[in-house]
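Engineer: Take this structure first; my questions come after.
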Amino acid sequence: MPLDLSKIQGVHNGSNGCQVGRCPACAENGRDHTNDHLIIYPDGRYGCIANQGDSEHRKRIWQLAGVGGDPDAIQEQNVQPPKPDIPQTFPLSLLDKLIKDYSYWEGRGVPQEVMEKTRGGVALDGQMKNRWVIPIFNQNEDALVGFTGRALKPGMEPKWKHLGRTSTWVFGDRDEIEGNQTAILVESPGDYLALKNAGVENVLCLFGVVLSQGIISFLISANVKTIYISTNNDVKHTVGQDAARKIKERLDKFFESDNVVVKLPTKKDFGEMKVEEIEEWLKKNVENEQS
């Protein structure tokens with residue numbers, strides 16, 4: 001069941017022989033100003049990357065731009081959303097090996113009650129030996145999909161080590177983000193913990209400077225309205241600043257550009273900021289904009 005390209009705005013060639021354009025169902029609601037939500041495959045199948053798995057949205061696309069056929073058969077004929085990267089899983093019994101020693105984080109000003117919520121601890125052997133390990137769970141909290149570990153000894157590299165497919169991880173305040181439709185994106189687990197220690201909610205960890213498809217899918221499904229990009233504010237290098245710009249460019253394709261805002265920490269990262277400095281950053285950059 002093909003689409004009538006004359007009814008689709010901004011059609012242009014994409015990769016692998018696909019055509020890309022403005023999704024008519026999104027356009028109907030004033031969205032997809034970048035003309036790239038709709039993907040049309042060479043065999044005629046199609047789908048909206050911003051509404052993957054939404055059969056009613058696909059049906060509306062056909063109603064607005066379809067050529068012939070039975071609209072009630074659209075779910076069988078339409079392209080299915082790409083299969084997500086299947087997360088690697090680990091046995092939950094590994095959590096029993098983590099030693100509940102919070103002295104490292106307490107020495108950095110993060111109290112035990114904050115670290116207890118991570119369900120982590122110190123690894124004495126294995127790939128995460130001599131690291132303070134935080135387990136990563138799937139969105140249903142019923143499967144262990146990875147670990148991130150902070151080096152405890154001087155000279156250990158990398159500072160943070162990850163096990164698992166980070167592209168599938170959505171680590172942070174998912175319930176709070178879904179509740180108030182606001183998200184703060186940070187680079188590392190250290191940034192996340194620093195913000196949690198200061199009482200900041202709505203935080204997601206990127207585990208680097210690349211915006212994963214897993215994070216994008218979560219932000220879309222959570223119907224997030226406002227996103228703050230808070231990667232590192234490097235002085236000698238511009239990795240964090242450059243990453244923030246690229247992340248914003250990508251998010252602008254799915255969200256209102258004015259609501260995707262770059263707000264870097266006032267020091268290199270949030271881990272170098274005192275609680276009072278983080279509270280001041282929050283008041284100036286987040287709370288003032290929301291008032």
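In the structure tokens, chains take letters A, B, ... by order of appearance, with residues numbered from 1 within each chain and ligands from 1 in the order shown.
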Please provide the set of residues having any atom within 12 Å of segment 198-203 of chain A, restricted to only C-alpha atoms, with same-chain residues fewer than 4 positions apart removed, written as a PyMOL selection string.

Structural biologist: chain A and resi 109-111+114+170-194+215+219+222+224+226-231+270-271+273-283+286-287

Engineer: Residues of the last selection are to be written out with C-alpha atoms, as a PDB file, in the first residue's frame.

Structural biologist:
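Produced file result00.pdb, reproduced below:
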```pdb
ATOM      1  CA  GLY A 109      30.661  14.183  50.335  1.00  0.00           C
ATOM      2  CA  VAL A 110      27.976  11.794  49.039  1.00  0.00           C
ATOM      3  CA  PRO A 111      26.179  10.215  52.029  1.00  0.00           C
ATOM      4  CA  VAL A 114      22.166   8.434  48.423  1.00  0.00           C
ATOM      5  CA  VAL A 170      18.119   4.451  30.427  1.00  0.00           C
ATOM      6  CA  PHE A 171      19.630   5.201  33.836  1.00  0.00           C
ATOM      7  CA  GLY A 172      18.225   7.933  36.003  1.00  0.00           C
ATOM      8  CA  ASP A 173      15.018   9.405  37.379  1.00  0.00           C
ATOM      9  CA  ARG A 174      12.598   7.813  34.950  1.00  0.00           C
ATOM     10  CA  ASP A 175       9.494   8.096  37.116  1.00  0.00           C
ATOM     11  CA  GLU A 176      10.124  11.756  37.911  1.00  0.00           C
ATOM     12  CA  ILE A 177      10.794  12.588  34.259  1.00  0.00           C
ATOM     13  CA  GLU A 178       7.596  10.905  33.132  1.00  0.00           C
ATOM     14  CA  GLY A 179       5.721  12.729  35.873  1.00  0.00           C
ATOM     15  CA  ASN A 180       6.790  16.317  35.185  1.00  0.00           C
ATOM     16  CA  GLN A 181       7.994  15.940  31.574  1.00  0.00           C
ATOM     17  CA  THR A 182      11.391  17.524  32.249  1.00  0.00           C
ATOM     18  CA  ALA A 183      14.828  15.916  31.824  1.00  0.00           C
ATOM     19  CA  ILE A 184      18.420  16.956  32.617  1.00  0.00           C
ATOM     20  CA  LEU A 185      21.052  15.060  30.588  1.00  0.00           C
ATOM     21  CA  VAL A 186      24.515  14.619  32.116  1.00  0.00           C
ATOM     22  CA  GLU A 187      27.690  12.855  30.978  1.00  0.00           C
ATOM     23  CA  SER A 188      28.715  10.519  33.772  1.00  0.00           C
ATOM     24  CA  PRO A 189      27.384   8.628  36.790  1.00  0.00           C
ATOM     25  CA  GLY A 190      29.512  10.978  38.898  1.00  0.00           C
ATOM     26  CA  ASP A 191      27.521  13.944  37.595  1.00  0.00           C
ATOM     27  CA  TYR A 192      24.295  12.069  38.277  1.00  0.00           C
ATOM     28  CA  LEU A 193      25.311  11.306  41.880  1.00  0.00           C
ATOM     29  CA  ALA A 194      26.431  14.893  42.498  1.00  0.00           C
ATOM     30  CA  ILE A 215      17.520   7.689  25.548  1.00  0.00           C
ATOM     31  CA  LEU A 219      12.231  10.872  26.036  1.00  0.00           C
ATOM     32  CA  ALA A 222       7.662   9.934  28.209  1.00  0.00           C
ATOM     33  CA  VAL A 224       9.050  15.127  27.684  1.00  0.00           C
ATOM     34  CA  THR A 226      11.697  20.408  28.367  1.00  0.00           C
ATOM     35  CA  ILE A 227      15.227  19.022  28.076  1.00  0.00           C
ATOM     36  CA  TYR A 228      18.369  20.516  29.609  1.00  0.00           C
ATOM     37  CA  ILE A 229      21.651  19.349  28.085  1.00  0.00           C
ATOM     38  CA  SER A 230      24.295  19.555  30.813  1.00  0.00           C
ATOM     39  CA  THR A 231      27.412  17.855  29.502  1.00  0.00           C
ATOM     40  CA  PHE A 270      28.906  18.666  38.584  1.00  0.00           C
ATOM     41  CA  GLY A 271      31.268  16.428  40.561  1.00  0.00           C
ATOM     42  CA  MET A 273      30.747  21.634  42.343  1.00  0.00           C
ATOM     43  CA  LYS A 274      29.650  21.984  45.956  1.00  0.00           C
ATOM     44  CA  VAL A 275      26.047  21.315  46.905  1.00  0.00           C
ATOM     45  CA  GLU A 276      25.407  25.038  47.287  1.00  0.00           C
ATOM     46  CA  GLU A 277      26.833  25.697  43.821  1.00  0.00           C
ATOM     47  CA  ILE A 278      24.603  23.049  42.294  1.00  0.00           C
ATOM     48  CA  GLU A 279      21.578  24.486  44.081  1.00  0.00           C
ATOM     49  CA  GLU A 280      22.448  27.927  42.691  1.00  0.00           C
ATOM     50  CA  TRP A 281      22.908  26.438  39.193  1.00  0.00           C
ATOM     51  CA  LEU A 282      19.507  24.767  39.459  1.00  0.00           C
ATOM     52  CA  LYS A 283      17.808  27.947  40.625  1.00  0.00           C
ATOM     53  CA  VAL A 286      16.164  25.410  35.567  1.00  0.00           C
ATOM     54  CA  GLU A 287      13.767  26.786  38.150  1.00  0.00           C
TER      55      GLU A 287
END
```

Engineer: As a VMD selection string, which residues of segment 140-277 of chain A does DSSP assign to strand (DSSP E or B)?

Structural biologist: chain A and resid 144 to 151 160 to 164 171 to 172 182 to 186 203 to 205 226 to 230 260 to 262

Engineer: Which residue, A:Asn130, A:Lys7, A:Val67, A:Gly30, has the smallest gap to Gly155 of chain A when you use only C-alpha atoms?

Structural biologist: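 Looking only at the distances to Gly155 of chain A, the closest residue turns out to be A:Asn130.
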
Engineer: Provide the atom CA of Thr148 of chain A to atom CA of Val261 of chain A distance in Å, to one decimal place.

Structural biologist: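 Going from atom CA of Thr148 of chain A over to atom CA of Val261 of chain A covers 27.2 Å.
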
Engineer: Go through A:Cys205, A:Glu141, A:Gln213, A:Lys268 one by one, measure the shortest atom-to-atom distance of each to Val235 of chain A using only C-alpha atoms, and give the residue with the smallest value.

Structural biologist: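 Using only C-alpha atoms, Val235 of chain A sits closest to A:Lys268.
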
Engineer: Of the candidates A:Leu195, A:Leu95, A:Ile247, A:Ala27, which one gets nearest to Gly208 of chain A if we count only C-alpha atoms?

Structural biologist: A:Ile247

Engineer: Report the distance between atom CA of Val260 of chain A and atom CA of Cys26 of chain A in Å, rounded to one decimal place.

Structural biologist: 18.6 Å

Engineer: For a test of reading the model, state the distance in Å between atom CA of Gly66 of chain A and atom CA of Cys23 of chain A, rounded to one decimal.

Structural biologist: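 Computing the Euclidean distance for atom CA of Gly66 of chain A and atom CA of Cys23 of chain A yields 12.1 Å.
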
Engineer: Name the residues in contact with Lys129 of chain A at a cut-off of 9 Å, using only C-alpha atoms, excluding same-chain residues fewer than 5 positions from it; report them as a list in words.

Structural biologist: Val122, Ala123, Leu124, Gly149 and Ala151 of chain A

Engineer: Selected residues, C-alpha atoms, written as an mmCIF file, in the first residue's frame, please.

Structural biologist:
```cif
data_model
loop_
_atom_site.group_PDB
_atom_site.id
_atom_site.type_symbol
_atom_site.label_atom_id
_atom_site.label_comp_id
_atom_site.auth_asym_id
_atom_site.auth_seq_id
_atom_site.Cartn_x
_atom_site.Cartn_y
_atom_site.Cartn_z
ATOM 1 C CA VAL A 122 32.551 -2.526 45.861
ATOM 2 C CA ALA A 123 33.676 -5.358 43.561
ATOM 3 C CA LEU A 124 36.561 -7.438 44.901
ATOM 4 C CA GLY A 149 32.082 1.087 37.982
ATOM 5 C CA ALA A 151 37.857 3.248 39.896
#
```

Engineer: Please provide as a PyMOL selection string all residues within 9 Å of Ala243 of chain A, with the sequence filter that same-chain residues fewer than 2 positions apart are discarded (counting only C-alpha atoms).

Structural biologist: chain A and resi 209-211+231-232+238-241+245-248

Engineer: Would you kindly return, as a short mmCIF file (atom, residue, chain, number, x, y, z; two decimals) with N, CA, C and O atoms, in the first residue's frame, each protein, DNA or RNA residue with an atom no farther than 9 Å from any atom of Arg31 of chain A, considering only C-alpha atoms and excluding same-chain residues fewer than 6 positions away?

Structural biologist:
```cif
data_model
loop_
_atom_site.label_atom_id
_atom_site.label_comp_id
_atom_site.auth_asym_id
_atom_site.auth_seq_id
_atom_site.Cartn_x
_atom_site.Cartn_y
_atom_site.Cartn_z
N ARG A 22 8.45 14.83 5.75
CA ARG A 22 7.67 15.24 6.92
C ARG A 22 6.49 14.30 7.11
O ARG A 22 5.69 14.09 6.19
N CYS A 23 6.40 13.72 8.29
CA CYS A 23 5.30 12.81 8.58
C CYS A 23 3.99 13.60 8.55
O CYS A 23 3.83 14.56 9.31
N ALA A 25 1.09 12.85 9.67
CA ALA A 25 0.36 12.78 10.94
C ALA A 25 0.99 13.69 11.98
O ALA A 25 0.29 14.31 12.79
N PHE A 254 13.07 16.07 17.12
CA PHE A 254 11.94 15.40 17.75
C PHE A 254 11.17 16.27 18.72
O PHE A 254 10.02 15.97 19.05
N PHE A 255 11.80 17.35 19.18
CA PHE A 255 11.17 18.21 20.18
C PHE A 255 11.23 19.67 19.75
O PHE A 255 12.03 20.03 18.88
N GLU A 256 10.40 20.50 20.35
CA GLU A 256 10.42 21.92 20.05
C GLU A 256 11.80 22.50 20.41
O GLU A 256 12.27 22.35 21.54
#
```

Engineer: Pick from A:Met156, A:Ala65, A:Lys225, A:His57: nearest to Asp258 of chain A, with only C-alpha atoms counted?

Structural biologist: A:Lys225

Engineer: Quick one: residues within 10 Å of Leu98 of chain A, only C-alpha atoms counted, chain neighbours fewer than 2 positions away excluded, as JSON, numbers by chain?

Structural biologist: {"A": [93, 94, 95, 96, 100, 101, 119, 120, 121, 122, 123, 124, 125, 131, 132, 133, 134, 135]}

Engineer: Take the residues just selected and output them with C-alpha atoms as a short mmCIF file (atom, residue, chain, number, x, y, z; two decimals), in the first residue's frame.

Structural biologist:
```cif
data_model
loop_
_atom_site.label_atom_id
_atom_site.label_comp_id
_atom_site.auth_asym_id
_atom_site.auth_seq_id
_atom_site.Cartn_x
_atom_site.Cartn_y
_atom_site.Cartn_z
CA SER A 93 23.11 -13.12 41.82
CA LEU A 94 26.08 -10.89 40.89
CA LEU A 95 24.61 -8.19 43.12
CA ASP A 96 25.26 -10.39 46.16
CA LYS A 100 28.25 -2.46 50.87
CA ASP A 101 31.14 -0.18 51.73
CA ARG A 119 21.91 -0.88 45.02
CA GLY A 120 25.65 -0.93 44.31
CA GLY A 121 28.86 -1.68 46.15
CA VAL A 122 32.55 -2.53 45.86
CA ALA A 123 33.68 -5.36 43.56
CA LEU A 124 36.56 -7.44 44.90
CA ASP A 125 37.07 -9.58 41.80
CA ARG A 131 35.68 -0.40 41.48
CA TRP A 132 32.56 0.95 43.15
CA VAL A 133 29.90 -0.66 40.98
CA ILE A 134 26.39 0.58 40.19
CA PRO A 135 24.02 -1.97 38.59
#
```

Engineer: With DSSP run on the backbone, what are the helix (DSSP H, G or I) residues within segment 93-289 of chain A? I'd like them as an MDAnalysis selection string.

Structural biologist: chainID A and resid 93:97 103:107 112:116 126:128 166:168 174:180 189:197 213:221 239:251 257:259 270:272 275:289
